[in-house]
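The structure appears below as structure tokens.
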Amino acid sequence: MKEFIYGLPKVELHLHIEGSLEPELMFELAQRNQVQIPYTSPQAVRDAYQFHNLQSFLDIYYQGANVLIHEQDFFDLTWAYLLRCKEDNVVHTEIFFDPQTHTSRGIAFETVVNGIHRALEQGREALGISSQLIMCFLRHLDEASAFETLAQALPHKDKIIGVGLDSSELGHPPEKFHQVFQQALKEGFLTVAHAGEEGPAQNIDDALVLLGTTRIDHGVRCVEDDDLVTRLIEARVPLTVCPLSNTKLKVFESMAHHNVVDLLRKGMCVTLNSDDPAYFGGYMNDNFMAVAQAHPMSREEVAQFTLNAIEASFISDGEKARLR
Ligand code: ES4
Ligand code: ZN
């Protein structure tokens, strides 16, 4: 099974580029940019990655992003991730970035987007990895800040296919961003949202109806509403599930308790993704392996995760046919 998983072409649809910042690169950038970090070694950084919920992770994750200052830093971050994609046989990836994490520190929107975009272009040419870019609004900030961010993105429409919603789900439900998502849809962006990760199943419904999302990030708490599960299956609404993330952040007690294989067997369009691989201990192959070890599957079932991800991706039908 290991050989099958490693050899399987994979498509990643839920990856925060800031969450791919490995401790070694964090140290290198801290030195290069003369930024103080509260750790003495990459190993000390890893030792600090003990999380008990989403918020305990987010606090450390936003702090890590402080070392990213120049366009070249965003390029280096994205390029390092693409090299890991190559190793894991990821042939297409759709990555999130959090502009507000950087603009709130005085980094220009274009510094961020141009660095990431240049790496994605090089990945296409030098590594044969196709990609799309999605910008996320931080839901712990207000809707006015999201509107400002949307305005900053308009000159970069050629580089950004969609908008998403991430950060602290509890206390910041989809309706808080109803207006800005409607504006984003009018501007031609596709929409996605983190929903049903730590928050209730109702957030999934609200993301679909109020935010016009075409897929749901995480969504694993859909099982708390049988009627919602039926509708997600019938409408082929994709869920971008992140198994190692969910166990590290205690959304599930252990991988044996994870519901993604159950959902797959019910016929839902579930996909496997790495979320913040530098923080949660693994990239795509590690996520596939962890699920397969806890939930023995046939090769056809494992391959269905890739077929679902191709179906759920934001690429043309011609491109989808090529990937299949
Ligand atoms: C995130 Cl795991 C997770 N959930 C919500 N927001 C996030 N941003 C980065 N990782
Ligand atoms: Zn996420």
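We name chains A, B, ... following the order of the structure tokens; residues begin at 1 in each chain, and ligands are numbered from 1 as shown.
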Original post:
Hey, which residues come within 12 Å of ligand 2 if we count only C-alpha atoms and all ligand atoms? Could you give them as a ChimeraX atom specification?
Top reply: /A:12-20,54,57-58,61,94-98,134-138,164-169,192-198,216-219,239-246,249,272-277,279-280
Original post:
In segment 19-266 of chain A, what's strand (DSSP E) per DSSP? Answer as number ranges by chain?
Top reply: A: 90-97, 130-138, 162-166, 190-195, 215-218, 239-241
If you keep C-alpha atoms, can you produce a file of those selected residues as a PDB file, in the first residue's frame?
```
ATOM      1  CA  VAL A  90       1.378  15.989  -6.220  1.00  0.00           C
ATOM      2  CA  VAL A  91       0.580  17.009  -9.809  1.00  0.00           C
ATOM      3  CA  HIS A  92      -1.820  19.869  -9.092  1.00  0.00           C
ATOM      4  CA  THR A  93      -2.208  22.069  -6.028  1.00  0.00           C
ATOM      5  CA  GLU A  94      -4.577  24.856  -5.005  1.00  0.00           C
ATOM      6  CA  ILE A  95      -2.994  26.904  -2.257  1.00  0.00           C
ATOM      7  CA  PHE A  96      -4.355  29.409   0.236  1.00  0.00           C
ATOM      8  CA  PHE A  97      -2.619  32.519   1.432  1.00  0.00           C
ATOM      9  CA  SER A 130      -0.112  23.020 -12.120  1.00  0.00           C
ATOM     10  CA  SER A 131      -1.656  25.268  -9.498  1.00  0.00           C
ATOM     11  CA  GLN A 132      -4.253  27.836  -8.499  1.00  0.00           C
ATOM     12  CA  LEU A 133      -4.145  30.508  -5.805  1.00  0.00           C
ATOM     13  CA  ILE A 134      -6.949  31.279  -3.323  1.00  0.00           C
ATOM     14  CA  MET A 135      -6.814  34.163  -0.853  1.00  0.00           C
ATOM     15  CA  CYS A 136      -8.435  33.686   2.533  1.00  0.00           C
ATOM     16  CA  PHE A 137     -10.040  36.274   4.755  1.00  0.00           C
ATOM     17  CA  LEU A 138      -9.189  35.923   8.447  1.00  0.00           C
ATOM     18  CA  GLY A 162     -11.021  32.432  -5.514  1.00  0.00           C
ATOM     19  CA  VAL A 163     -11.543  33.631  -1.981  1.00  0.00           C
ATOM     20  CA  GLY A 164     -11.788  31.551   1.182  1.00  0.00           C
ATOM     21  CA  LEU A 165     -12.390  31.977   4.891  1.00  0.00           C
ATOM     22  CA  ASP A 166     -10.070  30.658   7.597  1.00  0.00           C
ATOM     23  CA  LEU A 190     -14.990  31.349  -6.841  1.00  0.00           C
ATOM     24  CA  THR A 191     -15.612  30.907  -3.109  1.00  0.00           C
ATOM     25  CA  VAL A 192     -14.694  28.318  -0.471  1.00  0.00           C
ATOM     26  CA  ALA A 193     -14.775  28.417   3.327  1.00  0.00           C
ATOM     27  CA  HIS A 194     -13.497  26.514   6.325  1.00  0.00           C
ATOM     28  CA  ALA A 195     -16.667  25.211   7.986  1.00  0.00           C
ATOM     29  CA  ARG A 215     -16.544  23.335  -1.829  1.00  0.00           C
ATOM     30  CA  ILE A 216     -16.111  23.149   1.933  1.00  0.00           C
ATOM     31  CA  ASP A 217     -12.764  23.092   3.746  1.00  0.00           C
ATOM     32  CA  HIS A 218     -12.773  20.421   6.480  1.00  0.00           C
ATOM     33  CA  LEU A 239     -15.028  18.400   1.376  1.00  0.00           C
ATOM     34  CA  THR A 240     -11.278  19.102   1.596  1.00  0.00           C
ATOM     35  CA  VAL A 241     -10.436  16.970   4.624  1.00  0.00           C
TER      36      VAL A 241
END
```
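Close contacts of Arg322 of chain A, defined as residues with an atom at most 10 Å away when counting only C-alpha atoms, with chain neighbours fewer than 5 positions off set aside, comprise Ile310, Ser316 and Asp317 of chain A.
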Written file, previous selection with N, CA and C atoms, as a PDB file, in the first residue's frame:
```pdb
ATOM      1  N   ILE A 310      -9.681  15.672  -8.295  1.00  0.00           N
ATOM      2  CA  ILE A 310      -9.695  16.188  -9.682  1.00  0.00           C
ATOM      3  C   ILE A 310     -11.067  16.800  -9.970  1.00  0.00           C
ATOM      4  N   SER A 316     -10.067  23.593 -15.759  1.00  0.00           N
ATOM      5  CA  SER A 316     -11.001  23.365 -16.875  1.00  0.00           C
ATOM      6  C   SER A 316     -11.267  21.867 -17.039  1.00  0.00           C
ATOM      7  N   ASP A 317     -12.368  21.559 -17.740  1.00  0.00           N
ATOM      8  CA  ASP A 317     -12.695  20.151 -17.991  1.00  0.00           C
ATOM      9  C   ASP A 317     -11.592  19.470 -18.793  1.00  0.00           C
TER      10      ASP A 317
END
```
**OP:** Extract, using only C-alpha atoms, all DNA, RNA and protein residues at most 8 Å from segment 260-264 of chain A, discarding same-chain residues fewer than 6 positions from it, and format them as a list in words.
**Re:** Val220, Val241, Pro243, Val270, Val291, His295 and Glu301 of chain A
Next, the residues of the selection above should be written as a short mmCIF file (atom, residue, chain, number, x, y, z; two decimals), in the first residue's frame with C-alpha atoms.
```cif
data_model
loop_
_atom_site.label_atom_id
_atom_site.label_comp_id
_atom_site.auth_asym_id
_atom_site.auth_seq_id
_atom_site.Cartn_x
_atom_site.Cartn_y
_atom_site.Cartn_z
CA VAL A 220 -16.08 16.81 8.97
CA VAL A 241 -10.44 16.97 4.62
CA PRO A 243 -6.58 14.08 8.61
CA VAL A 270 -14.13 13.78 0.12
CA VAL A 291 -5.52 7.27 6.99
CA HIS A 295 -8.58 2.39 8.07
CA GLU A 301 -10.80 3.42 -2.51
#
```
**OP:** Write out as a ChimeraX atom specification all residues of segment 15-160 of chain A that DSSP puts in helix (DSSP H, G or I) for this structure's backbone.
**Re:** /A:17-20,23-33,42-48,54-67,71-87,99-103,109-127,143-156
Output the selection as a short mmCIF file (atom, residue, chain, number, x, y, z; two decimals), in the first residue's frame - C-alpha atoms for each residue.
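Okay, this is what ended up in part.cif:
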```cif
data_model
loop_
_atom_site.label_atom_id
_atom_site.label_comp_id
_atom_site.auth_asym_id
_atom_site.auth_seq_id
_atom_site.Cartn_x
_atom_site.Cartn_y
_atom_site.Cartn_z
CA ILE A 17 1.25 28.33 2.21
CA GLU A 18 2.20 29.98 5.52
CA GLY A 19 1.60 26.58 7.12
CA SER A 20 4.31 25.02 4.96
CA PRO A 23 11.44 25.47 11.14
CA GLU A 24 14.74 25.42 9.18
CA LEU A 25 13.47 28.02 6.69
CA MET A 26 11.92 30.01 9.56
CA PHE A 27 15.40 30.22 11.11
CA GLU A 28 17.08 31.10 7.83
CA LEU A 29 14.58 33.91 7.13
CA ALA A 30 14.77 35.20 10.72
CA GLN A 31 18.53 35.62 10.29
CA ARG A 32 18.30 37.03 6.76
CA ASN A 33 15.69 39.61 7.83
CA PRO A 42 14.68 24.40 14.65
CA GLN A 43 14.23 21.51 17.09
CA ALA A 44 13.01 23.94 19.79
CA VAL A 45 10.45 25.18 17.27
CA ARG A 46 9.24 21.62 16.66
CA ASP A 47 9.09 20.97 20.41
CA ALA A 48 6.77 23.99 20.77
CA LEU A 54 -7.33 25.28 16.69
CA GLN A 55 -6.61 28.52 18.59
CA SER A 56 -3.48 27.16 20.31
CA PHE A 57 -2.13 26.37 16.84
CA LEU A 58 -3.16 29.68 15.25
CA ASP A 59 -1.30 31.71 17.91
CA ILE A 60 2.00 29.98 17.02
CA TYR A 61 1.27 29.95 13.28
CA TYR A 62 0.72 33.73 13.02
CA GLN A 63 3.91 34.31 15.02
CA GLY A 64 5.89 32.09 12.60
CA ALA A 65 4.74 34.18 9.63
CA ASN A 66 6.56 37.25 11.04
CA VAL A 67 9.81 36.17 9.38
CA GLU A 71 8.95 39.04 -2.11
CA GLN A 72 11.86 36.60 -2.23
CA ASP A 73 10.80 35.15 1.15
CA PHE A 74 7.35 34.34 -0.24
CA PHE A 75 8.99 32.87 -3.31
CA ASP A 76 11.34 30.71 -1.21
CA LEU A 77 8.46 29.52 0.99
CA THR A 78 6.34 28.53 -2.00
CA TRP A 79 9.23 26.97 -3.89
CA ALA A 80 10.13 24.76 -0.90
CA TYR A 81 6.50 23.57 -0.78
CA LEU A 82 6.49 22.80 -4.53
CA LEU A 83 9.66 20.70 -4.17
CA ARG A 84 7.83 18.67 -1.48
CA CYS A 85 4.89 18.33 -3.88
CA LYS A 86 7.25 16.85 -6.47
CA GLU A 87 8.54 14.32 -3.90
CA PRO A 99 -3.00 38.46 2.95
CA GLN A 100 -4.12 40.11 6.21
CA THR A 101 -1.46 38.23 8.22
CA HIS A 102 1.07 40.23 6.21
CA THR A 103 -0.65 43.52 5.34
CA PHE A 109 -0.29 42.85 -0.79
CA GLU A 110 1.68 42.69 -4.06
CA THR A 111 4.88 41.64 -2.27
CA VAL A 112 3.03 38.57 -1.01
CA VAL A 113 1.08 37.68 -4.14
CA ASN A 114 3.96 38.32 -6.55
CA GLY A 115 6.40 36.13 -4.60
CA ILE A 116 3.95 33.25 -4.38
CA HIS A 117 2.86 33.61 -8.01
CA ARG A 118 6.41 33.66 -9.36
CA ALA A 119 7.16 30.37 -7.56
CA LEU A 120 3.94 28.81 -8.89
CA GLU A 121 4.90 29.81 -12.44
CA GLN A 122 8.36 28.29 -12.00
CA GLY A 123 6.72 25.16 -10.56
CA ARG A 124 4.61 24.85 -13.69
CA GLU A 125 7.61 25.21 -16.00
CA ALA A 126 10.39 23.43 -14.11
CA LEU A 127 8.44 20.78 -12.16
CA GLU A 143 -15.81 42.32 7.52
CA ALA A 144 -14.50 45.85 6.75
CA SER A 145 -10.94 44.45 6.77
CA ALA A 146 -12.05 41.67 4.41
CA PHE A 147 -13.56 44.29 2.07
CA GLU A 148 -10.23 46.18 2.08
CA THR A 149 -8.41 42.97 1.24
CA LEU A 150 -10.83 42.22 -1.59
CA ALA A 151 -10.14 45.68 -3.05
CA GLN A 152 -6.38 45.03 -2.87
CA ALA A 153 -6.89 41.77 -4.79
CA LEU A 154 -8.73 43.30 -7.75
CA PRO A 155 -5.55 44.29 -9.69
CA HIS A 156 -4.36 40.67 -9.24
#
```
